[in-house]
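Structure file my_file_30.cif (mmCIF, C-alpha atoms and all ligand atoms) is printed below.
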data_query
#
loop_
_atom_site.label_atom_id
_atom_site.label_comp_id
_atom_site.auth_asym_id
_atom_site.auth_seq_id
_atom_site.Cartn_x
_atom_site.Cartn_y
_atom_site.Cartn_z
CA MET B 1 -167.32 -2.91 -10.78
CA THR B 2 -164.92 -0.48 -12.46
CA LYS B 3 -162.13 -2.32 -14.21
CA THR B 4 -158.56 -1.26 -13.47
CA ILE B 5 -156.45 -1.13 -16.61
CA LEU B 6 -152.70 -0.83 -16.11
CA VAL B 7 -151.07 0.60 -19.23
CA VAL B 8 -147.33 -0.08 -19.35
CA PHE B 9 -144.84 1.50 -21.75
CA GLY B 10 -141.28 2.76 -21.72
CA THR B 11 -139.79 3.88 -25.04
CA ARG B 12 -140.54 6.57 -27.61
CA PRO B 13 -142.34 4.34 -30.12
CA GLU B 14 -144.45 2.68 -27.43
CA ALA B 15 -145.44 6.09 -26.07
CA ILE B 16 -146.41 7.32 -29.54
CA LYS B 17 -148.50 4.24 -30.22
CA MET B 18 -149.97 4.03 -26.72
CA PHE B 19 -151.02 7.66 -26.13
CA PRO B 20 -154.12 7.31 -28.34
CA VAL B 21 -155.14 4.28 -26.23
CA VAL B 22 -154.55 6.17 -22.97
CA HIS B 23 -156.56 9.14 -24.26
CA ALA B 24 -159.42 6.87 -25.37
CA LEU B 25 -159.45 4.82 -22.16
CA LYS B 26 -159.55 7.99 -20.05
CA ALA B 27 -162.31 9.51 -22.20
CA ASP B 28 -164.42 6.38 -21.85
CA GLY B 29 -165.05 6.70 -18.11
CA ALA B 30 -165.71 2.97 -17.67
CA PHE B 31 -162.24 2.23 -16.38
CA ARG B 32 -159.78 3.14 -13.67
CA VAL B 33 -156.78 3.88 -15.88
CA VAL B 34 -153.34 3.58 -14.33
CA THR B 35 -150.31 4.50 -16.43
CA CYS B 36 -146.86 3.15 -15.66
CA VAL B 37 -143.77 4.18 -17.60
CA SER B 38 -140.62 2.15 -17.13
CA ALA B 39 -138.63 5.05 -18.63
CA GLN B 40 -136.48 2.53 -20.47
CA HIS B 41 -136.02 5.70 -22.57
CA ARG B 42 -135.83 9.01 -20.73
CA GLY B 43 -135.58 12.12 -22.90
CA MET B 44 -137.25 10.56 -25.92
CA LEU B 45 -140.11 9.23 -23.78
CA ASP B 46 -140.58 12.55 -22.01
CA GLN B 47 -140.89 14.34 -25.38
CA VAL B 48 -143.96 12.20 -26.15
CA LEU B 49 -145.49 12.43 -22.67
CA GLU B 50 -145.32 16.19 -22.91
CA ILE B 51 -147.03 16.62 -26.28
CA ALA B 52 -149.62 13.95 -25.42
CA GLY B 53 -150.34 15.55 -22.01
CA ILE B 54 -149.79 12.36 -20.03
CA ALA B 55 -148.49 12.53 -16.44
CA PRO B 56 -147.77 8.89 -15.57
CA ASP B 57 -149.06 7.48 -12.29
CA HIS B 58 -145.83 5.48 -11.94
CA ASP B 59 -142.44 6.42 -13.37
CA LEU B 60 -139.80 3.76 -12.74
CA ASP B 61 -137.00 5.89 -14.22
CA LEU B 62 -135.02 2.79 -15.22
CA MET B 63 -132.87 4.05 -18.10
CA LYS B 64 -129.11 3.69 -17.65
CA PRO B 65 -126.56 4.90 -20.20
CA ASP B 66 -125.64 2.13 -22.66
CA GLN B 67 -127.86 -0.32 -20.79
CA THR B 68 -127.59 -4.05 -21.43
CA LEU B 69 -130.55 -6.18 -22.41
CA ASP B 70 -130.25 -8.47 -19.40
CA GLY B 71 -129.67 -5.68 -16.84
CA LEU B 72 -132.63 -3.75 -18.23
CA THR B 73 -134.91 -6.77 -18.39
CA ALA B 74 -134.10 -7.86 -14.83
CA ALA B 75 -134.87 -4.39 -13.46
CA LEU B 76 -138.06 -4.15 -15.50
CA LEU B 77 -139.41 -7.45 -14.29
CA THR B 78 -138.82 -6.64 -10.62
CA GLU B 79 -140.07 -3.06 -10.71
CA LEU B 80 -143.11 -3.65 -12.92
CA GLY B 81 -144.07 -6.54 -10.65
CA LYS B 82 -144.13 -4.20 -7.66
CA VAL B 83 -146.46 -1.79 -9.46
CA MET B 84 -148.78 -4.66 -10.35
CA ASP B 85 -148.84 -5.85 -6.74
CA ALA B 86 -149.75 -2.33 -5.59
CA GLU B 87 -152.36 -1.55 -8.27
CA LYS B 88 -153.95 -5.02 -8.63
CA PRO B 89 -155.01 -4.45 -12.26
CA ASP B 90 -157.76 -6.45 -13.98
CA TRP B 91 -155.86 -6.07 -17.27
CA VAL B 92 -152.33 -5.10 -18.23
CA VAL B 93 -151.95 -3.46 -21.64
CA VAL B 94 -148.58 -3.54 -23.42
CA GLN B 95 -147.57 -2.35 -26.89
CA GLY B 96 -145.20 -3.74 -29.47
CA ASP B 97 -141.97 -5.58 -28.86
CA THR B 98 -139.63 -3.74 -26.51
CA ALA B 99 -138.02 -5.06 -23.32
CA THR B 100 -140.63 -3.09 -21.37
CA ALA B 101 -143.52 -4.71 -23.25
CA MET B 102 -142.09 -8.20 -22.86
CA ALA B 103 -141.27 -7.79 -19.14
CA GLY B 104 -144.67 -6.17 -18.54
CA ALA B 105 -146.42 -9.16 -20.08
CA LEU B 106 -144.26 -11.62 -18.13
CA ALA B 107 -144.77 -9.84 -14.79
CA ALA B 108 -148.52 -9.85 -15.41
CA TYR B 109 -148.45 -13.55 -16.27
CA TYR B 110 -146.60 -14.30 -13.04
CA ARG B 111 -149.60 -12.77 -11.27
CA LYS B 112 -152.16 -14.41 -13.59
CA VAL B 113 -153.37 -11.00 -14.72
CA PRO B 114 -154.62 -11.09 -18.34
CA VAL B 115 -152.58 -9.17 -20.89
CA ALA B 116 -153.86 -7.21 -23.88
CA HIS B 117 -151.27 -6.75 -26.62
CA VAL B 118 -151.43 -3.69 -28.86
CA GLU B 119 -149.69 -4.24 -32.23
CA ALA B 120 -149.82 -8.02 -32.01
CA GLY B 121 -148.75 -10.56 -34.62
CA LEU B 122 -145.86 -8.79 -36.35
CA ARG B 123 -143.39 -11.45 -37.48
CA SER B 124 -140.24 -11.39 -39.57
CA HIS B 125 -139.66 -15.13 -38.90
CA ASN B 126 -136.02 -14.37 -38.14
CA ILE B 127 -135.12 -14.14 -34.46
CA TYR B 128 -132.02 -12.01 -35.17
CA HIS B 129 -133.77 -9.46 -37.44
CA PRO B 130 -135.06 -7.45 -35.66
CA TRP B 131 -133.14 -8.40 -32.54
CA PRO B 132 -134.35 -8.87 -29.84
CA GLU B 133 -137.84 -7.70 -30.86
CA GLU B 134 -138.91 -10.82 -32.77
CA VAL B 135 -138.55 -12.99 -29.68
CA ASN B 136 -140.10 -10.33 -27.42
CA ARG B 137 -143.19 -10.37 -29.63
CA LYS B 138 -143.39 -14.14 -29.58
CA ILE B 139 -143.19 -14.22 -25.79
CA ILE B 140 -145.95 -11.62 -25.50
CA GLY B 141 -148.01 -13.51 -28.08
CA THR B 142 -147.79 -16.67 -25.97
CA ILE B 143 -149.02 -14.85 -22.86
CA ALA B 144 -151.65 -12.42 -24.18
CA ALA B 145 -155.38 -13.04 -23.76
CA LEU B 146 -156.31 -10.31 -26.25
CA HIS B 147 -154.30 -9.68 -29.41
CA PHE B 148 -154.91 -6.38 -31.19
CA ALA B 149 -153.47 -7.08 -34.63
CA PRO B 150 -152.91 -4.02 -36.79
CA THR B 151 -153.63 -5.80 -40.09
CA GLU B 152 -155.03 -9.02 -41.55
CA THR B 153 -151.43 -10.12 -42.20
CA SER B 154 -150.53 -9.86 -38.53
CA ALA B 155 -153.78 -11.60 -37.52
CA ALA B 156 -152.94 -14.45 -39.93
CA ALA B 157 -149.46 -14.79 -38.40
CA LEU B 158 -151.03 -15.33 -34.98
CA LYS B 159 -153.52 -17.88 -36.33
CA ALA B 160 -150.63 -19.75 -37.93
CA GLU B 161 -149.15 -20.03 -34.42
CA ASN B 162 -152.44 -21.56 -33.20
CA VAL B 163 -153.51 -18.54 -31.16
CA ASP B 164 -157.25 -18.80 -30.43
CA ALA B 165 -158.95 -16.97 -33.33
CA GLY B 166 -161.57 -15.53 -30.93
CA ALA B 167 -158.82 -13.67 -29.06
CA ILE B 168 -157.46 -11.94 -32.19
CA HIS B 169 -158.97 -8.65 -33.34
CA VAL B 170 -157.86 -6.57 -36.31
CA THR B 171 -157.91 -2.99 -35.03
CA GLY B 172 -155.48 -1.10 -37.26
CA ASN B 173 -152.25 0.31 -35.88
CA THR B 174 -152.59 3.09 -33.31
CA VAL B 175 -149.62 4.86 -34.97
CA ILE B 176 -152.07 6.16 -37.57
CA ASP B 177 -154.31 7.51 -34.77
CA ALA B 178 -151.21 9.21 -33.32
CA LEU B 179 -150.11 10.67 -36.65
CA GLN B 180 -153.59 12.04 -37.37
CA TRP B 181 -153.80 13.50 -33.87
CA VAL B 182 -150.44 15.24 -34.10
CA SER B 183 -151.16 16.48 -37.63
CA ALA B 184 -154.38 18.10 -36.39
CA ARG B 185 -152.48 19.68 -33.47
CA ILE B 186 -149.90 21.13 -35.87
CA GLU B 187 -152.58 22.44 -38.18
CA ALA B 188 -154.23 24.24 -35.29
CA GLU B 189 -150.91 25.46 -33.89
CA PRO B 190 -148.12 25.50 -36.54
CA ALA B 191 -145.57 26.79 -34.01
CA LEU B 192 -145.57 23.29 -32.48
CA ALA B 193 -143.48 22.18 -35.48
CA GLY B 194 -141.77 25.49 -36.22
CA GLY B 195 -138.37 24.62 -34.76
CA LEU B 196 -136.97 23.34 -38.05
CA ALA B 197 -137.34 26.73 -39.76
CA ASP B 198 -133.61 27.60 -39.59
CA LEU B 199 -132.58 24.27 -41.10
CA GLU B 200 -135.29 24.57 -43.74
CA ALA B 201 -133.93 28.00 -44.70
CA ARG B 202 -130.34 26.74 -44.74
CA PHE B 203 -131.29 23.86 -47.05
CA ALA B 204 -133.72 25.83 -49.24
CA GLY B 205 -133.52 24.61 -52.85
CA ARG B 206 -131.97 21.27 -51.87
CA ARG B 207 -133.80 17.98 -51.90
CA ILE B 208 -134.31 16.74 -48.36
CA VAL B 209 -133.69 13.16 -47.31
CA GLY B 210 -134.81 12.38 -43.75
CA VAL B 211 -132.72 9.73 -41.95
CA THR B 212 -133.11 7.67 -38.76
CA SER B 213 -131.13 4.65 -37.60
CA HIS B 214 -130.91 2.82 -34.30
CA ARG B 215 -131.33 -0.95 -34.71
CA ARG B 216 -129.26 -3.08 -32.36
CA GLU B 217 -128.68 -5.70 -35.07
CA ASN B 218 -127.00 -2.98 -37.18
CA PHE B 219 -124.48 -1.99 -34.46
CA GLY B 220 -120.93 -2.23 -35.76
CA GLY B 221 -120.61 -3.00 -39.48
CA GLY B 222 -124.21 -2.20 -40.39
CA LEU B 223 -124.07 1.30 -38.91
CA GLU B 224 -120.68 1.96 -40.52
CA ALA B 225 -122.09 1.00 -43.90
CA ILE B 226 -125.09 3.27 -43.30
CA ALA B 227 -122.78 6.17 -42.38
CA GLY B 228 -120.72 5.48 -45.52
CA ALA B 229 -123.86 5.58 -47.65
CA ILE B 230 -124.85 8.92 -46.09
CA ARG B 231 -121.41 10.32 -46.99
CA ASP B 232 -121.83 9.14 -50.58
CA ILE B 233 -125.31 10.63 -50.83
CA ALA B 234 -124.05 13.91 -49.33
CA ALA B 235 -121.51 14.16 -52.14
CA ARG B 236 -124.42 15.42 -54.26
CA PRO B 237 -124.75 19.18 -53.80
CA ASP B 238 -128.48 19.11 -54.70
CA VAL B 239 -129.30 16.98 -51.62
CA ALA B 240 -129.41 17.67 -47.88
CA LEU B 241 -129.82 15.02 -45.21
CA ILE B 242 -131.56 15.74 -41.91
CA PHE B 243 -130.70 13.10 -39.36
CA PRO B 244 -132.07 13.20 -35.79
CA VAL B 245 -129.53 10.90 -34.17
CA HIS B 246 -130.68 8.32 -31.61
CA PRO B 247 -128.90 8.98 -28.26
CA ASN B 248 -127.66 5.40 -27.96
CA PRO B 249 -123.86 5.80 -27.63
CA ASN B 250 -123.31 2.93 -30.08
CA VAL B 251 -125.12 4.96 -32.73
CA ARG B 252 -123.66 8.37 -31.84
CA ARG B 253 -120.05 7.17 -31.81
CA VAL B 254 -120.19 5.90 -35.39
CA MET B 255 -122.22 8.77 -36.83
CA GLU B 256 -120.13 11.48 -35.19
CA ALA B 257 -116.88 9.85 -36.33
CA GLU B 258 -118.07 9.36 -39.92
CA LEU B 259 -120.28 12.36 -40.64
CA ALA B 260 -119.06 15.36 -38.66
CA GLY B 261 -118.23 18.40 -40.76
CA LEU B 262 -120.36 17.61 -43.84
CA ASP B 263 -122.22 20.84 -44.51
CA ASN B 264 -125.28 19.22 -46.10
CA VAL B 265 -125.74 16.61 -43.35
CA ALA B 266 -127.55 17.99 -40.29
CA MET B 267 -127.08 15.63 -37.37
CA ILE B 268 -129.55 16.90 -34.79
CA GLU B 269 -131.02 15.80 -31.46
CA PRO B 270 -134.11 13.53 -31.52
CA LEU B 271 -137.11 15.57 -32.60
CA ASP B 272 -140.32 15.65 -30.63
CA TYR B 273 -143.27 14.12 -32.48
CA PRO B 274 -144.66 17.32 -34.06
CA HIS B 275 -141.22 18.19 -35.42
CA PHE B 276 -140.65 14.68 -36.69
CA ALA B 277 -144.03 14.85 -38.45
CA ARG B 278 -142.76 18.08 -40.03
CA LEU B 279 -139.54 16.35 -41.10
CA LEU B 280 -141.62 13.61 -42.74
CA SER B 281 -143.61 16.21 -44.63
CA ILE B 282 -140.58 18.18 -45.95
CA SER B 283 -138.55 15.08 -46.88
CA GLU B 284 -138.61 13.81 -50.43
CA ILE B 285 -137.43 10.39 -49.26
CA MET B 286 -137.05 8.72 -45.84
CA LEU B 287 -134.05 6.48 -45.23
CA THR B 288 -134.57 4.49 -42.04
CA ASP B 289 -134.31 1.27 -40.09
CA SER B 290 -137.20 2.28 -37.80
CA GLY B 291 -140.38 0.26 -37.43
CA GLY B 292 -142.69 3.20 -36.82
CA VAL B 293 -141.37 5.27 -39.71
CA GLN B 294 -142.16 2.37 -42.06
CA GLU B 295 -145.78 2.74 -41.00
CA GLU B 296 -146.01 6.53 -41.06
CA ALA B 297 -144.33 7.09 -44.43
CA PRO B 298 -146.95 5.18 -46.48
CA ALA B 299 -149.74 7.14 -44.76
CA LEU B 300 -148.10 10.32 -46.03
CA GLY B 301 -147.11 8.96 -49.44
CA LYS B 302 -143.39 9.35 -48.70
CA PRO B 303 -141.11 6.77 -50.33
CA VAL B 304 -139.24 4.99 -47.55
CA LEU B 305 -136.06 2.96 -48.04
CA VAL B 306 -135.75 0.49 -45.19
CA MET B 307 -132.22 -0.37 -44.12
CA ARG B 308 -133.04 -3.87 -42.94
CA GLU B 309 -132.70 -7.40 -44.32
CA THR B 310 -136.26 -8.40 -43.42
CA THR B 311 -139.38 -6.64 -42.26
CA GLU B 312 -142.23 -7.65 -40.02
CA ARG B 313 -144.23 -4.90 -41.73
CA PRO B 314 -144.59 -6.23 -45.30
CA GLU B 315 -147.72 -4.12 -45.87
CA GLY B 316 -145.69 -0.99 -46.73
CA VAL B 317 -143.62 -2.93 -49.27
CA GLU B 318 -146.77 -4.52 -50.74
CA ALA B 319 -148.40 -1.09 -50.99
CA GLY B 320 -145.35 0.05 -53.00
CA THR B 321 -144.29 2.91 -50.67
CA ALA B 322 -141.52 1.03 -48.84
CA ARG B 323 -138.54 -0.88 -50.20
CA LEU B 324 -136.12 -3.09 -48.28
CA VAL B 325 -132.58 -2.07 -49.17
CA GLY B 326 -130.54 -3.83 -46.46
CA THR B 327 -127.36 -2.29 -45.08
CA ASP B 328 -125.03 -2.58 -48.06
CA ARG B 329 -123.48 0.85 -48.68
CA ALA B 330 -123.51 0.71 -52.49
CA ARG B 331 -127.07 -0.64 -52.62
CA ILE B 332 -128.43 2.13 -50.38
CA VAL B 333 -126.76 4.79 -52.53
CA THR B 334 -127.99 3.26 -55.81
CA GLU B 335 -131.55 3.05 -54.51
CA ILE B 336 -131.55 6.67 -53.30
CA PHE B 337 -130.05 7.97 -56.55
CA THR B 338 -132.65 6.06 -58.57
CA LEU B 339 -135.43 7.74 -56.62
CA LEU B 340 -133.78 11.15 -56.95
CA ASP B 341 -133.10 10.86 -60.68
CA ASP B 342 -135.91 8.72 -62.09
CA LYS B 343 -139.25 10.54 -61.87
CA ALA B 344 -141.25 7.42 -62.81
CA ALA B 345 -139.55 5.34 -60.11
CA TYR B 346 -140.27 8.10 -57.59
CA SER B 347 -143.94 8.56 -58.47
CA ALA B 348 -144.49 4.81 -58.43
CA MET B 349 -143.59 4.87 -54.72
CA ALA B 350 -144.97 8.27 -53.73
CA ARG B 351 -148.62 7.40 -53.34
CA ALA B 352 -150.45 7.70 -50.03
CA HIS B 353 -151.81 4.42 -48.69
CA ASN B 354 -153.04 3.44 -45.29
CA PRO B 355 -152.26 -0.26 -45.09
CA PHE B 356 -151.64 0.04 -41.36
CA GLY B 357 -154.89 1.56 -40.20
CA ASP B 358 -157.61 4.19 -40.47
CA GLY B 359 -156.99 6.21 -37.31
CA GLN B 360 -159.72 4.41 -35.34
CA ALA B 361 -157.59 1.71 -33.73
CA ALA B 362 -157.67 3.12 -30.17
CA ARG B 363 -161.48 3.38 -30.25
CA ARG B 364 -161.76 -0.28 -31.29
CA ILE B 365 -159.26 -1.36 -28.63
CA VAL B 366 -161.18 0.41 -25.87
CA GLU B 367 -164.46 -1.15 -27.01
CA LEU B 368 -162.86 -4.60 -26.94
CA LEU B 369 -161.45 -3.99 -23.45
CA ARG B 370 -164.86 -2.80 -22.26
CA ASN B 371 -166.46 -6.02 -23.46
CA ALA B 372 -163.67 -8.28 -22.21
CA GLY B 373 -164.19 -10.30 -19.03
C1 LIG U 401 -135.34 0.37 -27.77
C2 LIG U 401 -136.06 -0.95 -28.05
C3 LIG U 401 -136.33 -1.09 -29.54
C4 LIG U 401 -137.00 0.15 -30.12
C5 LIG U 401 -136.19 1.37 -29.75
C6 LIG U 401 -136.89 2.62 -30.24
C7 LIG U 401 -135.56 -2.90 -26.65
C8 LIG U 401 -134.66 -4.04 -26.41
N1 LIG U 401 -135.23 -2.08 -27.65
O1 LIG U 401 -134.06 0.27 -28.36
O2 LIG U 401 -137.17 -2.21 -29.77
O3 LIG U 401 -137.06 0.01 -31.52
O4 LIG U 401 -136.05 1.44 -28.33
O5 LIG U 401 -136.06 3.75 -30.21
O6 LIG U 401 -136.52 -2.73 -25.95
N2 LIG U 401 -130.88 6.61 -24.61
C9 LIG U 401 -130.81 7.89 -24.10
N3 LIG U 401 -131.97 8.62 -23.99
C10 LIG U 401 -133.17 8.15 -24.36
C11 LIG U 401 -133.23 6.86 -24.90
C12 LIG U 401 -132.08 6.10 -25.01
O7 LIG U 401 -129.73 8.36 -23.74
O8 LIG U 401 -134.17 8.86 -24.25
C13 LIG U 401 -129.64 5.81 -24.73
C14 LIG U 401 -129.17 5.25 -23.39
O9 LIG U 401 -127.78 5.23 -23.36
C15 LIG U 401 -129.73 3.81 -23.42
C16 LIG U 401 -129.54 3.49 -24.88
O10 LIG U 401 -129.87 4.68 -25.58
O11 LIG U 401 -129.03 2.93 -22.56
C17 LIG U 401 -130.32 2.31 -25.38
O12 LIG U 401 -131.70 2.39 -25.04
P1 LIG U 401 -132.58 1.04 -25.11
O13 LIG U 401 -133.99 1.36 -24.81
O14 LIG U 401 -131.94 -0.05 -24.32
O15 LIG U 401 -132.40 0.56 -26.61
P2 LIG U 401 -132.86 1.20 -27.96
O16 LIG U 401 -131.78 0.87 -28.93
O17 LIG U 401 -133.29 2.59 -27.78
N1 LIG U 402 -139.69 9.79 -34.10
C1 LIG U 402 -139.71 11.01 -33.43
N2 LIG U 402 -138.58 11.78 -33.42
C2 LIG U 402 -137.43 11.40 -34.03
C3 LIG U 402 -137.40 10.14 -34.70
C4 LIG U 402 -138.56 9.36 -34.70
O1 LIG U 402 -140.74 11.41 -32.87
O2 LIG U 402 -136.45 12.14 -33.98
C5 LIG U 402 -140.91 8.95 -34.07
C6 LIG U 402 -141.39 8.46 -35.41
O3 LIG U 402 -142.33 9.34 -35.95
C7 LIG U 402 -142.02 7.12 -35.07
C8 LIG U 402 -141.25 6.67 -33.85
O4 LIG U 402 -140.57 7.80 -33.35
O5 LIG U 402 -143.37 7.27 -34.66
C9 LIG U 402 -140.29 5.58 -34.21
O6 LIG U 402 -139.44 5.33 -33.14
P1 LIG U 402 -138.06 4.57 -33.28
O7 LIG U 402 -137.56 4.67 -34.68
O8 LIG U 402 -137.21 5.05 -32.17
O9 LIG U 402 -138.45 3.07 -32.91
P2 LIG U 402 -139.05 1.85 -33.74
O10 LIG U 402 -140.32 2.31 -34.39
O11 LIG U 402 -138.01 1.41 -34.70
O12 LIG U 402 -139.29 0.82 -32.68
#

Please express what this file holds, its structure, as structure tokens.
Amino acid sequence: MTKTILVVFGTRPEAIKMFPVVHALKADGAFRVVTCVSAQHRGMLDQVLEIAGIAPDHDLDLMKPDQTLDGLTAALLTELGKVMDAEKPDWVVVQGDTATAMAGALAAYYRKVPVAHVEAGLRSHNIYHPWPEEVNRKIIGTIAALHFAPTETSAAALKAENVDAGAIHVTGNTVIDALQWVSARIEAEPALAGGLADLEARFAGRRIVGVTSHRRENFGGGLEAIAGAIRDIAARPDVALIFPVHPNPNVRRVMEAELAGLDNVAMIEPLDYPHFARLLSISEIMLTDSGGVQEEAPALGKPVLVMRETTERPEGVEAGTARLVGTDRARIVTEIFTLLDDKAAYSAMARAHNPFGDGQAARRIVELLRNAG
């Protein structure tokens, strides 16, 4: 009998990391594939759905401005449960560590439907960094019947928590599949990433630093320190910072108050994935607190300074392309200036590695789902 696979996602990073799985499941033909987006994110999710050509079967449209974790989680649990009751899936597939992924796993568990977890086993071992993702991942890890670990490190973290070794599979991270897919699309159709041309012309001759920041644990003091560091970096006339600002009002408020009017800081709307891939390629350095960017930058050999105290993605640091710099203003500035001024320090970090995967993760995941009970 054809297996029904319900694929649940809701935010930009989940969509980016899940679209290769949706494409591969649909291409396989062995499954009835049902896609459900919570739309925990709206605009940023829709940007990914559009480029990936996915029209979800269910769109819960749950995003509210400045939503709270408990309000969001309660709505997710109820609404995802209804979709599961209607679709009666044999498997529910969730990705990563968002509220949508956690509530999707929990709603499936309440119906005794097995859960497959894409990007399993990431651990910082600090439940407040990243917050609330570390606990979301642990909850999903307790429920899942299949754990698709991106690396040996993440597989080992699951084994250390006594997860059945037979249920853990190292697949690579689907973000590398996504990045390769979008890079091929841009190569075939450069106009897909042509929208930065005006900014590129305006900043010609300057050294580009790409910036993203959105972590909840950095709200308040952390974000103010990050904004202060950006001001200090922008004091150098040889540098320009391109910063697609996350629409979360807690992020926007601080960045607009601190950075408006600086002529070499371009605060822009979130970029769609082809344009963000372009930003990665034109940036000399990435300055970020994002999870996904920590994985993409090493694949492209772009030094990435990670504005976090801990990381659940140590592979980028071990490969030498990523460095944890925390959220201390002076430290961020010193680290950026070292990379800008010390050629040896820069080239030591600027080597392409693929510690997170080989671009074949979705194919492996689909094979494992085909062979699962
Ligand atoms: C969420 C995830 C986080 C992930 C991040 C990726 C949780 C708890 N957090 O955090 O793990 O790293 O997404 O970006 O699941 N907003 C918009 N338009 C959008 C998206 C967001 O306006 O397209 C605004 C809304 O006001 C929304 C707010 O941002 O209420 C926060 O969105 P939410 O998904 O709750 O949190 P993120 O910080 O984006
Ligand atoms: N990204 C994007 N446009 C942007 C900023 C980021 O497409 O303007 C992509 C980026 O390439 C990565 C993902 O979004 O794949 C990371 O998402 P985010 O930083 O929101 O979440 P996290 O990875 O921290 O959970």

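Take the candidates B:Leu72, B:Val251, B:Ala116, B:Val175 and check each one against ligand LIG 402 (chain U) using only C-alpha atoms and all ligand atoms; the shortest distance goes to B:Val175.
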
Produce a table with one row for each residue of stretch 73-135 of chain B that has an atom at most 12 Å from any atom of stretch 347-369 of chain B, each row naming the nearest atom pair and its distance in Å at one decimal; use all atoms listed in the file; arrange rows by chain and rising residue number; format as a Markdown table.
| residue | atom | partner | partner_atom | distance |
| --- | --- | --- | --- | --- |
| B:Asp90 | CA | B:Leu369 | CA | 10.5 |
| B:Trp91 | CA | B:Leu369 | CA | 8.6 |
| B:Val92 | CA | B:Leu369 | CA | 10.6 |
| B:Val93 | CA | B:Leu369 | CA | 9.7 |
| B:Gln95 | CA | B:Ile365 | CA | 11.9 |
| B:Pro114 | CA | B:Leu369 | CA | 11.1 |
| B:Val115 | CA | B:Leu369 | CA | 10.6 |
| B:Ala116 | CA | B:Leu369 | CA | 8.3 |
| B:His117 | CA | B:Ile365 | CA | 9.8 |
| B:Val118 | CA | B:Ile365 | CA | 8.2 |
| B:Glu119 | CA | B:Ala361 | CA | 10.0 |
| B:Leu122 | CA | B:Phe356 | CA | 11.7 |

Write out as a PDB file with C-alpha atoms, in the frame of the given file which residues come within 12 Å of B:Arg252 when counting all atoms listed in the file, dropping same-chain ones fewer than 5 positions away.
ATOM      1  CA  ASP B  66    -125.640   2.130 -22.660  1.00  0.00           C
ATOM      2  CA  THR B 212    -133.110   7.670 -38.760  1.00  0.00           C
ATOM      3  CA  SER B 213    -131.130   4.650 -37.600  1.00  0.00           C
ATOM      4  CA  HIS B 214    -130.910   2.820 -34.300  1.00  0.00           C
ATOM      5  CA  PHE B 219    -124.480  -1.990 -34.460  1.00  0.00           C
ATOM      6  CA  GLY B 220    -120.930  -2.230 -35.760  1.00  0.00           C
ATOM      7  CA  LEU B 223    -124.070   1.300 -38.910  1.00  0.00           C
ATOM      8  CA  GLU B 224    -120.680   1.960 -40.520  1.00  0.00           C
ATOM      9  CA  ALA B 227    -122.780   6.170 -42.380  1.00  0.00           C
ATOM     10  CA  PHE B 243    -130.700  13.100 -39.360  1.00  0.00           C
ATOM     11  CA  PRO B 244    -132.070  13.200 -35.790  1.00  0.00           C
ATOM     12  CA  VAL B 245    -129.530  10.900 -34.170  1.00  0.00           C
ATOM     13  CA  HIS B 246    -130.680   8.320 -31.610  1.00  0.00           C
ATOM     14  CA  PRO B 247    -128.900   8.980 -28.260  1.00  0.00           C
ATOM     15  CA  ALA B 257    -116.880   9.850 -36.330  1.00  0.00           C
ATOM     16  CA  GLU B 258    -118.070   9.360 -39.920  1.00  0.00           C
ATOM     17  CA  LEU B 259    -120.280  12.360 -40.640  1.00  0.00           C
ATOM     18  CA  ALA B 260    -119.060  15.360 -38.660  1.00  0.00           C
ATOM     19  CA  MET B 267    -127.080  15.630 -37.370  1.00  0.00           C
ATOM     20  CA  ILE B 268    -129.550  16.900 -34.790  1.00  0.00           C
ATOM     21  CA  GLU B 269    -131.020  15.800 -31.460  1.00  0.00           C
ATOM     22  CA  PRO B 270    -134.110  13.530 -31.520  1.00  0.00           C
TER      23      PRO B 270
END

The residue from B:Asn162, B:Thr4, B:Thr100, B:Thr11 with the smallest atom-to-atom distance to B:Ala86, counting all atoms listed in the file, is B:Thr4

Of the residues B:Asp164, B:Ala372, B:Leu280, B:Ala188, which is the one nearest to B:Lys3, using all atoms listed in the file?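 Among B:Asp164, B:Ala372, B:Leu280, B:Ala188, it is B:Ala372 that comes nearest to B:Lys3.
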
Within 6 Å of (-139.5, 21.8, -38.0), in the coordinates the file gives, what residues turn up when you count only C-alpha atoms, written out as a PyMOL selection string? chain B and resi 193-197+275+278

Nearest to ligand LIG 402 (chain U) among B:Asn250, B:Thr73, B:Thr142, B:Thr311, with distances taken over all atoms listed in the file: which residue is it?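 Selected residue with least distance to ligand LIG 402 (chain U): B:Thr311.
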